[in-house]
$ cat work01.cif   # mmCIF, N, CA and C atoms
data_structure
loop_
_atom_site.label_atom_id
_atom_site.label_comp_id
_atom_site.auth_asym_id
_atom_site.auth_seq_id
_atom_site.Cartn_x
_atom_site.Cartn_y
_atom_site.Cartn_z
N MET A 1 -11.43 65.04 38.65
CA MET A 1 -10.41 64.33 39.40
C MET A 1 -9.86 63.21 38.53
N PRO A 2 -8.51 63.04 38.53
CA PRO A 2 -7.93 61.98 37.71
C PRO A 2 -8.28 60.60 38.25
N GLU A 3 -8.16 59.61 37.38
CA GLU A 3 -8.39 58.23 37.83
C GLU A 3 -7.35 57.87 38.88
N ILE A 4 -7.77 57.17 39.88
CA ILE A 4 -6.85 56.75 40.94
C ILE A 4 -6.90 55.23 40.99
N PRO A 5 -5.82 54.51 41.11
CA PRO A 5 -4.47 55.04 41.32
C PRO A 5 -3.75 55.40 40.02
N GLN A 6 -2.80 56.31 40.17
CA GLN A 6 -1.90 56.70 39.09
C GLN A 6 -0.65 55.82 39.20
N PRO A 7 0.19 55.80 38.17
CA PRO A 7 1.38 54.93 38.21
C PRO A 7 2.29 55.14 39.43
N GLY A 8 2.42 56.34 39.96
CA GLY A 8 3.29 56.58 41.11
C GLY A 8 2.64 56.36 42.45
N ASP A 9 1.34 56.02 42.44
CA ASP A 9 0.62 55.82 43.71
C ASP A 9 0.87 54.40 44.23
N LEU A 10 0.69 54.22 45.52
CA LEU A 10 0.84 52.92 46.15
C LEU A 10 -0.54 52.45 46.60
N ALA A 11 -1.04 51.38 45.98
CA ALA A 11 -2.37 50.86 46.29
C ALA A 11 -2.26 49.61 47.15
N ILE A 12 -3.02 49.61 48.25
CA ILE A 12 -3.14 48.46 49.13
C ILE A 12 -4.64 48.23 49.27
N GLY A 13 -5.19 47.33 48.45
CA GLY A 13 -6.63 47.13 48.44
C GLY A 13 -7.33 48.43 48.12
N PRO A 14 -8.32 48.84 48.93
CA PRO A 14 -9.07 50.07 48.65
C PRO A 14 -8.34 51.35 49.07
N LEU A 15 -7.16 51.21 49.70
CA LEU A 15 -6.37 52.37 50.11
C LEU A 15 -5.35 52.71 49.04
N VAL A 16 -5.29 53.99 48.68
CA VAL A 16 -4.28 54.47 47.75
C VAL A 16 -3.50 55.57 48.45
N ILE A 17 -2.19 55.36 48.57
CA ILE A 17 -1.31 56.40 49.11
C ILE A 17 -0.82 57.19 47.91
N ILE A 18 -1.31 58.42 47.80
CA ILE A 18 -0.98 59.26 46.66
C ILE A 18 0.53 59.50 46.63
N SER A 19 1.17 59.22 45.50
CA SER A 19 2.63 59.34 45.29
C SER A 19 3.42 58.39 46.19
N GLY A 20 2.77 57.36 46.72
CA GLY A 20 3.42 56.44 47.65
C GLY A 20 4.62 55.70 47.09
N LYS A 21 4.67 55.50 45.77
CA LYS A 21 5.82 54.83 45.17
C LYS A 21 6.92 55.83 44.81
N THR A 22 6.55 57.01 44.40
CA THR A 22 7.54 57.97 43.91
C THR A 22 8.15 58.84 45.00
N VAL A 23 7.51 58.92 46.16
CA VAL A 23 7.99 59.80 47.22
C VAL A 23 9.37 59.35 47.72
N ALA A 24 9.73 58.09 47.56
CA ALA A 24 11.03 57.57 48.02
C ALA A 24 12.19 58.36 47.42
N ASN A 25 12.05 58.73 46.16
CA ASN A 25 13.14 59.42 45.47
C ASN A 25 12.78 60.84 45.07
N SER A 26 11.78 61.40 45.72
CA SER A 26 11.34 62.76 45.42
C SER A 26 12.06 63.78 46.30
N ASP A 27 11.91 65.05 45.93
CA ASP A 27 12.43 66.15 46.73
C ASP A 27 11.45 66.45 47.85
N PRO A 28 11.87 66.35 49.11
CA PRO A 28 10.95 66.59 50.22
C PRO A 28 10.29 67.97 50.19
N ALA A 29 10.96 68.95 49.60
CA ALA A 29 10.42 70.31 49.56
C ALA A 29 9.07 70.37 48.84
N GLY A 30 8.82 69.43 47.94
CA GLY A 30 7.56 69.41 47.23
C GLY A 30 6.40 68.85 48.05
N PHE A 31 6.68 68.38 49.27
CA PHE A 31 5.66 67.73 50.08
C PHE A 31 5.43 68.39 51.43
N GLY A 32 6.25 69.36 51.77
CA GLY A 32 6.06 70.03 53.05
C GLY A 32 7.35 70.56 53.62
N GLU A 33 7.33 70.76 54.93
CA GLU A 33 8.49 71.32 55.63
C GLU A 33 9.35 70.20 56.20
N HIS A 34 10.52 70.55 56.67
CA HIS A 34 11.48 69.60 57.22
C HIS A 34 10.82 68.65 58.23
N GLY A 35 10.66 67.39 57.82
CA GLY A 35 10.14 66.38 58.72
C GLY A 35 8.64 66.26 58.81
N SER A 36 7.90 67.14 58.16
CA SER A 36 6.43 67.09 58.18
C SER A 36 5.92 67.19 56.75
N TYR A 37 5.33 66.10 56.27
CA TYR A 37 5.01 66.00 54.85
C TYR A 37 3.56 65.63 54.60
N LYS A 38 2.98 66.26 53.60
CA LYS A 38 1.61 65.95 53.17
C LYS A 38 1.67 64.77 52.20
N ILE A 39 1.11 63.66 52.64
CA ILE A 39 1.02 62.44 51.82
C ILE A 39 -0.44 62.00 51.93
N PRO A 40 -1.30 62.49 51.03
CA PRO A 40 -2.74 62.20 51.16
C PRO A 40 -3.09 60.76 50.82
N PHE A 41 -4.22 60.34 51.37
CA PHE A 41 -4.78 59.01 51.13
C PHE A 41 -6.08 59.17 50.35
N PHE A 42 -6.38 58.14 49.58
CA PHE A 42 -7.64 58.00 48.86
C PHE A 42 -8.18 56.64 49.24
N VAL A 43 -9.46 56.57 49.59
CA VAL A 43 -10.09 55.30 49.94
C VAL A 43 -11.35 55.13 49.09
N THR A 44 -11.49 53.96 48.46
CA THR A 44 -12.64 53.73 47.60
C THR A 44 -13.93 53.78 48.41
N ARG A 45 -15.00 54.16 47.73
CA ARG A 45 -16.29 54.34 48.42
C ARG A 45 -16.73 53.05 49.09
N GLY A 46 -17.35 53.23 50.24
CA GLY A 46 -17.89 52.10 50.98
C GLY A 46 -16.86 51.27 51.74
N SER A 47 -15.59 51.61 51.65
CA SER A 47 -14.54 50.86 52.33
C SER A 47 -14.13 51.56 53.62
N THR A 48 -13.62 50.79 54.54
CA THR A 48 -13.06 51.33 55.77
C THR A 48 -11.67 50.73 55.93
N VAL A 49 -10.69 51.61 56.14
CA VAL A 49 -9.30 51.19 56.24
C VAL A 49 -8.68 51.82 57.49
N THR A 50 -7.95 51.00 58.25
CA THR A 50 -7.20 51.52 59.39
C THR A 50 -5.71 51.37 59.09
N VAL A 51 -4.99 52.48 59.23
CA VAL A 51 -3.55 52.50 59.01
C VAL A 51 -2.88 52.72 60.36
N THR A 52 -1.93 51.84 60.69
CA THR A 52 -1.21 51.91 61.96
C THR A 52 0.28 51.94 61.68
N ILE A 53 0.99 52.80 62.37
CA ILE A 53 2.45 52.81 62.28
C ILE A 53 2.95 51.63 63.11
N ASP A 54 3.76 50.77 62.49
CA ASP A 54 4.29 49.60 63.17
C ASP A 54 5.17 50.02 64.35
N PRO A 55 5.22 49.19 65.40
CA PRO A 55 5.98 49.53 66.60
C PRO A 55 7.41 50.01 66.39
N PRO A 56 8.21 49.46 65.47
CA PRO A 56 9.59 49.96 65.36
C PRO A 56 9.67 51.47 65.06
N ALA A 57 8.65 52.02 64.43
CA ALA A 57 8.69 53.44 64.06
C ALA A 57 7.90 54.33 65.03
N ARG A 58 7.12 53.73 65.92
CA ARG A 58 6.36 54.54 66.88
C ARG A 58 7.33 55.32 67.75
N GLY A 59 6.98 56.54 68.01
CA GLY A 59 7.87 57.40 68.78
C GLY A 59 8.81 58.19 67.88
N HIS A 60 8.88 57.82 66.60
CA HIS A 60 9.74 58.52 65.65
C HIS A 60 8.94 59.24 64.57
N VAL A 61 7.72 58.72 64.30
CA VAL A 61 6.88 59.29 63.24
C VAL A 61 5.42 59.12 63.64
N VAL A 62 4.59 60.07 63.23
CA VAL A 62 3.16 60.02 63.51
C VAL A 62 2.37 60.32 62.24
N ILE A 63 1.11 59.90 62.25
CA ILE A 63 0.16 60.29 61.20
C ILE A 63 -0.34 61.66 61.62
N ASP A 64 -0.26 62.59 60.70
CA ASP A 64 -0.55 63.99 60.99
C ASP A 64 -1.77 64.43 60.18
N ASN A 65 -2.78 64.94 60.87
CA ASN A 65 -3.94 65.48 60.16
C ASN A 65 -4.54 66.63 60.95
N PRO A 66 -5.44 67.40 60.34
CA PRO A 66 -5.99 68.58 61.02
C PRO A 66 -6.75 68.26 62.31
N TYR A 67 -7.20 67.02 62.47
CA TYR A 67 -7.99 66.67 63.65
C TYR A 67 -7.15 66.13 64.79
N ALA A 68 -5.86 65.91 64.53
CA ALA A 68 -4.95 65.40 65.55
C ALA A 68 -3.69 66.26 65.55
N PRO A 69 -3.72 67.40 66.21
CA PRO A 69 -2.62 68.36 66.11
C PRO A 69 -1.25 67.81 66.52
N HIS A 70 -1.20 66.79 67.37
CA HIS A 70 0.08 66.23 67.78
C HIS A 70 0.36 64.89 67.11
N GLY A 71 -0.51 64.50 66.20
CA GLY A 71 -0.33 63.26 65.47
C GLY A 71 -0.80 62.04 66.24
N VAL A 72 -1.02 60.96 65.51
CA VAL A 72 -1.48 59.70 66.09
C VAL A 72 -0.67 58.56 65.47
N THR A 73 -0.71 57.39 66.12
CA THR A 73 -0.02 56.22 65.56
C THR A 73 -0.96 55.34 64.75
N ALA A 74 -2.27 55.62 64.81
CA ALA A 74 -3.23 54.86 64.02
C ALA A 74 -4.40 55.77 63.68
N ALA A 75 -4.97 55.55 62.49
CA ALA A 75 -6.14 56.32 62.08
C ALA A 75 -7.01 55.45 61.19
N THR A 76 -8.32 55.62 61.33
CA THR A 76 -9.28 54.89 60.50
C THR A 76 -9.87 55.86 59.49
N TYR A 77 -9.91 55.43 58.24
CA TYR A 77 -10.41 56.25 57.14
C TYR A 77 -11.68 55.60 56.62
N ARG A 78 -12.78 56.35 56.68
CA ARG A 78 -14.09 55.83 56.32
C ARG A 78 -14.81 56.87 55.45
N PRO A 79 -14.75 56.73 54.13
CA PRO A 79 -15.47 57.68 53.29
C PRO A 79 -16.97 57.41 53.32
N CYS A 80 -17.71 58.30 52.74
CA CYS A 80 -19.15 58.12 52.62
C CYS A 80 -19.44 56.87 51.79
N VAL A 81 -20.62 56.30 51.98
CA VAL A 81 -20.98 55.06 51.30
C VAL A 81 -21.00 55.23 49.78
N ASN A 82 -21.46 56.37 49.28
CA ASN A 82 -21.65 56.52 47.84
C ASN A 82 -20.58 57.32 47.12
N VAL A 83 -19.54 57.78 47.84
CA VAL A 83 -18.43 58.49 47.18
C VAL A 83 -17.11 58.06 47.78
N ALA A 84 -16.07 58.15 46.98
CA ALA A 84 -14.73 57.84 47.47
C ALA A 84 -14.27 58.95 48.40
N GLY A 85 -13.29 58.65 49.23
CA GLY A 85 -12.80 59.64 50.17
C GLY A 85 -11.38 60.06 49.87
N PHE A 86 -11.13 61.35 49.96
CA PHE A 86 -9.79 61.91 49.82
C PHE A 86 -9.44 62.48 51.19
N PHE A 87 -8.34 62.03 51.77
CA PHE A 87 -7.99 62.44 53.11
C PHE A 87 -6.68 63.22 53.08
N ALA A 88 -6.76 64.51 53.38
CA ALA A 88 -5.60 65.40 53.36
C ALA A 88 -4.86 65.25 54.68
N GLN A 89 -3.97 64.29 54.72
CA GLN A 89 -3.20 64.03 55.92
C GLN A 89 -1.75 63.86 55.51
N GLY A 90 -0.92 63.50 56.45
CA GLY A 90 0.48 63.32 56.14
C GLY A 90 1.19 62.57 57.24
N PHE A 91 2.50 62.65 57.21
CA PHE A 91 3.34 62.03 58.21
C PHE A 91 4.31 63.07 58.74
N ALA A 92 4.62 62.98 60.02
CA ALA A 92 5.57 63.90 60.63
C ALA A 92 6.55 63.12 61.50
N PHE A 93 7.83 63.37 61.28
CA PHE A 93 8.84 62.78 62.14
C PHE A 93 8.88 63.58 63.43
N THR A 94 9.03 62.90 64.55
CA THR A 94 8.99 63.56 65.85
C THR A 94 10.37 63.72 66.47
N ASN A 95 11.40 63.22 65.80
CA ASN A 95 12.74 63.24 66.39
C ASN A 95 13.72 64.09 65.60
N GLY A 96 13.23 64.98 64.74
CA GLY A 96 14.10 65.88 63.99
C GLY A 96 14.61 65.35 62.67
N GLN A 97 14.35 64.07 62.38
CA GLN A 97 14.83 63.56 61.10
C GLN A 97 13.94 64.07 59.96
N ALA A 98 14.49 64.04 58.75
CA ALA A 98 13.76 64.54 57.59
C ALA A 98 13.42 63.44 56.59
N ARG A 99 14.06 62.29 56.73
CA ARG A 99 13.85 61.17 55.81
C ARG A 99 13.80 59.87 56.59
N GLY A 100 13.10 58.90 56.05
CA GLY A 100 13.10 57.61 56.73
C GLY A 100 12.13 56.63 56.12
N CYS A 101 12.22 55.39 56.59
CA CYS A 101 11.34 54.31 56.18
C CYS A 101 10.28 54.13 57.26
N VAL A 102 9.01 54.14 56.86
CA VAL A 102 7.90 54.08 57.81
C VAL A 102 7.12 52.79 57.58
N PRO A 103 7.26 51.81 58.49
CA PRO A 103 6.50 50.57 58.35
C PRO A 103 5.05 50.78 58.79
N LEU A 104 4.13 50.34 57.94
CA LEU A 104 2.70 50.52 58.21
C LEU A 104 1.97 49.18 58.20
N GLU A 105 0.95 49.08 59.05
CA GLU A 105 0.00 47.98 58.99
C GLU A 105 -1.29 48.54 58.41
N VAL A 106 -1.85 47.85 57.44
CA VAL A 106 -3.10 48.28 56.82
C VAL A 106 -4.15 47.21 57.07
N ARG A 107 -5.22 47.60 57.74
CA ARG A 107 -6.34 46.69 58.02
C ARG A 107 -7.55 47.17 57.23
N ILE A 108 -8.09 46.27 56.44
CA ILE A 108 -9.27 46.59 55.64
C ILE A 108 -10.46 45.93 56.32
N ALA A 109 -11.47 46.72 56.62
CA ALA A 109 -12.65 46.19 57.31
C ALA A 109 -13.21 44.99 56.56
N GLY A 110 -13.54 43.93 57.29
CA GLY A 110 -14.11 42.74 56.69
C GLY A 110 -13.08 41.73 56.24
N GLN A 111 -11.79 42.06 56.36
CA GLN A 111 -10.74 41.13 55.96
C GLN A 111 -9.88 40.81 57.18
N ALA A 112 -9.59 39.55 57.38
CA ALA A 112 -8.80 39.13 58.54
C ALA A 112 -7.31 39.44 58.37
N ARG A 113 -6.85 39.42 57.14
CA ARG A 113 -5.42 39.59 56.87
C ARG A 113 -4.98 41.04 57.06
N VAL A 114 -3.91 41.22 57.81
CA VAL A 114 -3.29 42.54 57.97
C VAL A 114 -2.21 42.64 56.90
N GLN A 115 -2.21 43.71 56.15
CA GLN A 115 -1.20 43.90 55.12
C GLN A 115 -0.15 44.87 55.65
N ARG A 116 1.11 44.52 55.41
CA ARG A 116 2.21 45.36 55.86
C ARG A 116 2.92 45.95 54.65
N VAL A 117 3.25 47.22 54.76
CA VAL A 117 3.94 47.91 53.69
C VAL A 117 4.90 48.92 54.34
N THR A 118 6.01 49.16 53.70
CA THR A 118 6.94 50.17 54.20
C THR A 118 6.92 51.33 53.24
N LEU A 119 6.62 52.49 53.76
CA LEU A 119 6.58 53.72 52.96
C LEU A 119 7.90 54.45 53.15
N SER A 120 8.60 54.67 52.06
CA SER A 120 9.85 55.42 52.11
C SER A 120 9.54 56.90 51.95
N LEU A 121 9.87 57.67 52.96
CA LEU A 121 9.73 59.12 52.86
C LEU A 121 11.08 59.70 52.52
N PHE A 122 11.34 59.82 51.21
CA PHE A 122 12.54 60.45 50.68
C PHE A 122 13.82 59.72 51.05
N ALA A 123 13.72 58.41 51.37
CA ALA A 123 14.86 57.63 51.85
C ALA A 123 15.33 56.58 50.84
N GLY A 124 14.90 56.67 49.59
CA GLY A 124 15.28 55.67 48.60
C GLY A 124 14.64 54.34 48.93
N SER A 125 15.31 53.26 48.59
CA SER A 125 14.76 51.92 48.82
C SER A 125 14.78 51.58 50.30
N CYS A 126 13.69 50.99 50.77
CA CYS A 126 13.59 50.55 52.17
C CYS A 126 13.65 49.03 52.26
N ALA A 127 14.15 48.39 51.23
CA ALA A 127 14.22 46.93 51.22
C ALA A 127 15.05 46.44 52.40
N ALA A 128 14.56 45.40 53.02
CA ALA A 128 15.27 44.84 54.19
C ALA A 128 16.47 44.03 53.79
#

$ encode --input "work01.cif" --output "structure tokens"
Amino acid sequence: MPEIPQPGDLAIGPLVIISGKTVANSDPAGFGEHGSYKIPFFVTRGSTVTVTIDPPARGHVVIDNPYAPHGVTAATYRPCVNVAGFFAQGFAFTNGQARGCVPLEVRIAGQARVQRVTLSLFAGSCAA
């Protein structure tokens, strides 16, 4: 397995969104079907991270994984204590759109500060 994070990945503490920086200007076809995209997460060993879709995007996009067939607005990622975790999950738009900016809250267990990041899914810059 390559070293993580790679230059195109988006790292927020122990959470790495694979291709999180480059997906903004990528071809959606390389990540899945119209509106449903595989964007895996990597979490360093021994860490626990909760990712929540911020309220402005709730109802428009969900976190999609094999254990939540209709998607969820929040998920906690907890790898084993002695190995890092790779989570094959993604994001799915629920309103028919294929591109967009997804605001996320990232909570790292043991830290009071909530980190906010906006993930662009094939929508170019999401700067406010």

$ atom_distance --input "work01.cif" --atom1 "atom CA of A:Val62" --atom2 "atom CA of A:Gly90"
8.5 Å

$ atom_distance --input "work01.cif" --atom1 "atom CA of A:Gly35" --atom2 "atom N of A:Ala127"
19.9 Å

$ residues_near_point --input "work01.cif" --point "(-6.9, 65.5, 53.6)" --cutoff "6.5 Å" --atoms "only N, CA and C atoms" --output "list in words"
Pro40, Phe41, Phe86, Phe87, Ala88 and Gln89 of chain A

$ resolve_selection --input "work01.cif" --expression "the PyMOL selection byres (((chain A and resi 45-59 and name CA) around 6) and name CA)" --output "PyMOL selection string"
chain A and resi 44+60-61+73-79+81-84+103-109

$ select_by_dssp --input "work01.cif" --residues "chain A" --states "helix (DSSP H, G or I)" --output "list of chain:residue names"
A:Val23, A:Ala24, A:Asn25, A:Pro28, A:Ala29, A:Gly30, A:Pro55, A:Pro56, A:Ala57

$ write_last_selection --input "work01.cif" --atoms "N, CA and C atoms" --output "PDB file, in the frame of the given file"
ATOM      1  N   VAL A  23       7.510  58.920  46.160  1.00  0.00           N
ATOM      2  CA  VAL A  23       7.990  59.800  47.220  1.00  0.00           C
ATOM      3  C   VAL A  23       9.370  59.350  47.720  1.00  0.00           C
ATOM      4  N   ALA A  24       9.730  58.090  47.560  1.00  0.00           N
ATOM      5  CA  ALA A  24      11.030  57.570  48.020  1.00  0.00           C
ATOM      6  C   ALA A  24      12.190  58.360  47.420  1.00  0.00           C
ATOM      7  N   ASN A  25      12.050  58.730  46.160  1.00  0.00           N
ATOM      8  CA  ASN A  25      13.140  59.420  45.470  1.00  0.00           C
ATOM      9  C   ASN A  25      12.780  60.840  45.070  1.00  0.00           C
ATOM     10  N   PRO A  28      11.870  66.350  49.110  1.00  0.00           N
ATOM     11  CA  PRO A  28      10.950  66.590  50.220  1.00  0.00           C
ATOM     12  C   PRO A  28      10.290  67.970  50.190  1.00  0.00           C
ATOM     13  N   ALA A  29      10.960  68.950  49.600  1.00  0.00           N
ATOM     14  CA  ALA A  29      10.420  70.310  49.560  1.00  0.00           C
ATOM     15  C   ALA A  29       9.070  70.370  48.840  1.00  0.00           C
ATOM     16  N   GLY A  30       8.820  69.430  47.940  1.00  0.00           N
ATOM     17  CA  GLY A  30       7.560  69.410  47.230  1.00  0.00           C
ATOM     18  C   GLY A  30       6.400  68.850  48.050  1.00  0.00           C
ATOM     19  N   PRO A  55       5.220  49.190  65.400  1.00  0.00           N
ATOM     20  CA  PRO A  55       5.980  49.530  66.600  1.00  0.00           C
ATOM     21  C   PRO A  55       7.410  50.010  66.390  1.00  0.00           C
ATOM     22  N   PRO A  56       8.210  49.460  65.470  1.00  0.00           N
ATOM     23  CA  PRO A  56       9.590  49.960  65.360  1.00  0.00           C
ATOM     24  C   PRO A  56       9.670  51.470  65.060  1.00  0.00           C
ATOM     25  N   ALA A  57       8.650  52.020  64.430  1.00  0.00           N
ATOM     26  CA  ALA A  57       8.690  53.440  64.060  1.00  0.00           C
ATOM     27  C   ALA A  57       7.900  54.330  65.030  1.00  0.00           C
TER      28      ALA A  57
END

$ closest_residue --input "work01.cif" --among "A:Ala112, A:Ala68, A:Ala123, A:Ala92" --to "A:His34" --atoms "only N, CA and C atoms"
A:Ala92

$ closest_residue --input "work01.cif" --among "A:Cys101, A:Phe42, A:Ile63, A:Ala11" --to "A:Gly124" --atoms "only C-alpha atoms"
A:Cys101

$ atom_distance --input "work01.cif" --atom1 "atom N of A:Thr94" --atom2 "atom N of A:Gly8"
26.3 Å

$ residues_around --input "work01.cif" --residues "stretch 119-121 of chain A" --least-positions-apart "3" --cutoff "6 Å" --atoms "only C-alpha atoms" --output "ChimeraX atom specification"
/A:23-24,99-102

$ write_last_selection --input "work01.cif" --atoms "N, CA and C atoms" --output "PDB file, in the frame of the given file"
ATOM      1  N   VAL A  23       7.510  58.920  46.160  1.00  0.00           N
ATOM      2  CA  VAL A  23       7.990  59.800  47.220  1.00  0.00           C
ATOM      3  C   VAL A  23       9.370  59.350  47.720  1.00  0.00           C
ATOM      4  N   ALA A  24       9.730  58.090  47.560  1.00  0.00           N
ATOM      5  CA  ALA A  24      11.030  57.570  48.020  1.00  0.00           C
ATOM      6  C   ALA A  24      12.190  58.360  47.420  1.00  0.00           C
ATOM      7  N   ARG A  99      14.060  62.290  56.730  1.00  0.00           N
ATOM      8  CA  ARG A  99      13.850  61.170  55.810  1.00  0.00           C
ATOM      9  C   ARG A  99      13.800  59.870  56.590  1.00  0.00           C
ATOM     10  N   GLY A 100      13.100  58.900  56.050  1.00  0.00           N
ATOM     11  CA  GLY A 100      13.100  57.610  56.730  1.00  0.00           C
ATOM     12  C   GLY A 100      12.130  56.630  56.120  1.00  0.00           C
ATOM     13  N   CYS A 101      12.220  55.390  56.590  1.00  0.00           N
ATOM     14  CA  CYS A 101      11.340  54.310  56.180  1.00  0.00           C
ATOM     15  C   CYS A 101      10.280  54.130  57.260  1.00  0.00           C
ATOM     16  N   VAL A 102       9.010  54.140  56.860  1.00  0.00           N
ATOM     17  CA  VAL A 102       7.900  54.080  57.810  1.00  0.00           C
ATOM     18  C   VAL A 102       7.120  52.790  57.580  1.00  0.00           C
TER      19      VAL A 102
END

$ resolve_selection --input "work01.cif" --expression "the PyMOL selection byres ((chain A and resi 17) around 8)" --output "PyMOL selection string"
chain A and resi 5+8-12+14-16+18-21+39-43

$ select_by_dssp --input "work01.cif" --residues "stretch 39-103 of chain A" --states "strand (DSSP E or B)" --output "PyMOL selection string"
chain A and resi 41-43+49-53+61-65+68-72+74-77+85-87+90-93+100-103

$ closest_residue --input "work01.cif" --among "A:Cys80, A:Cys126, A:Ala98, A:Val117" --to "A:Pro28" --atoms "only N, CA and C atoms"
A:Ala98
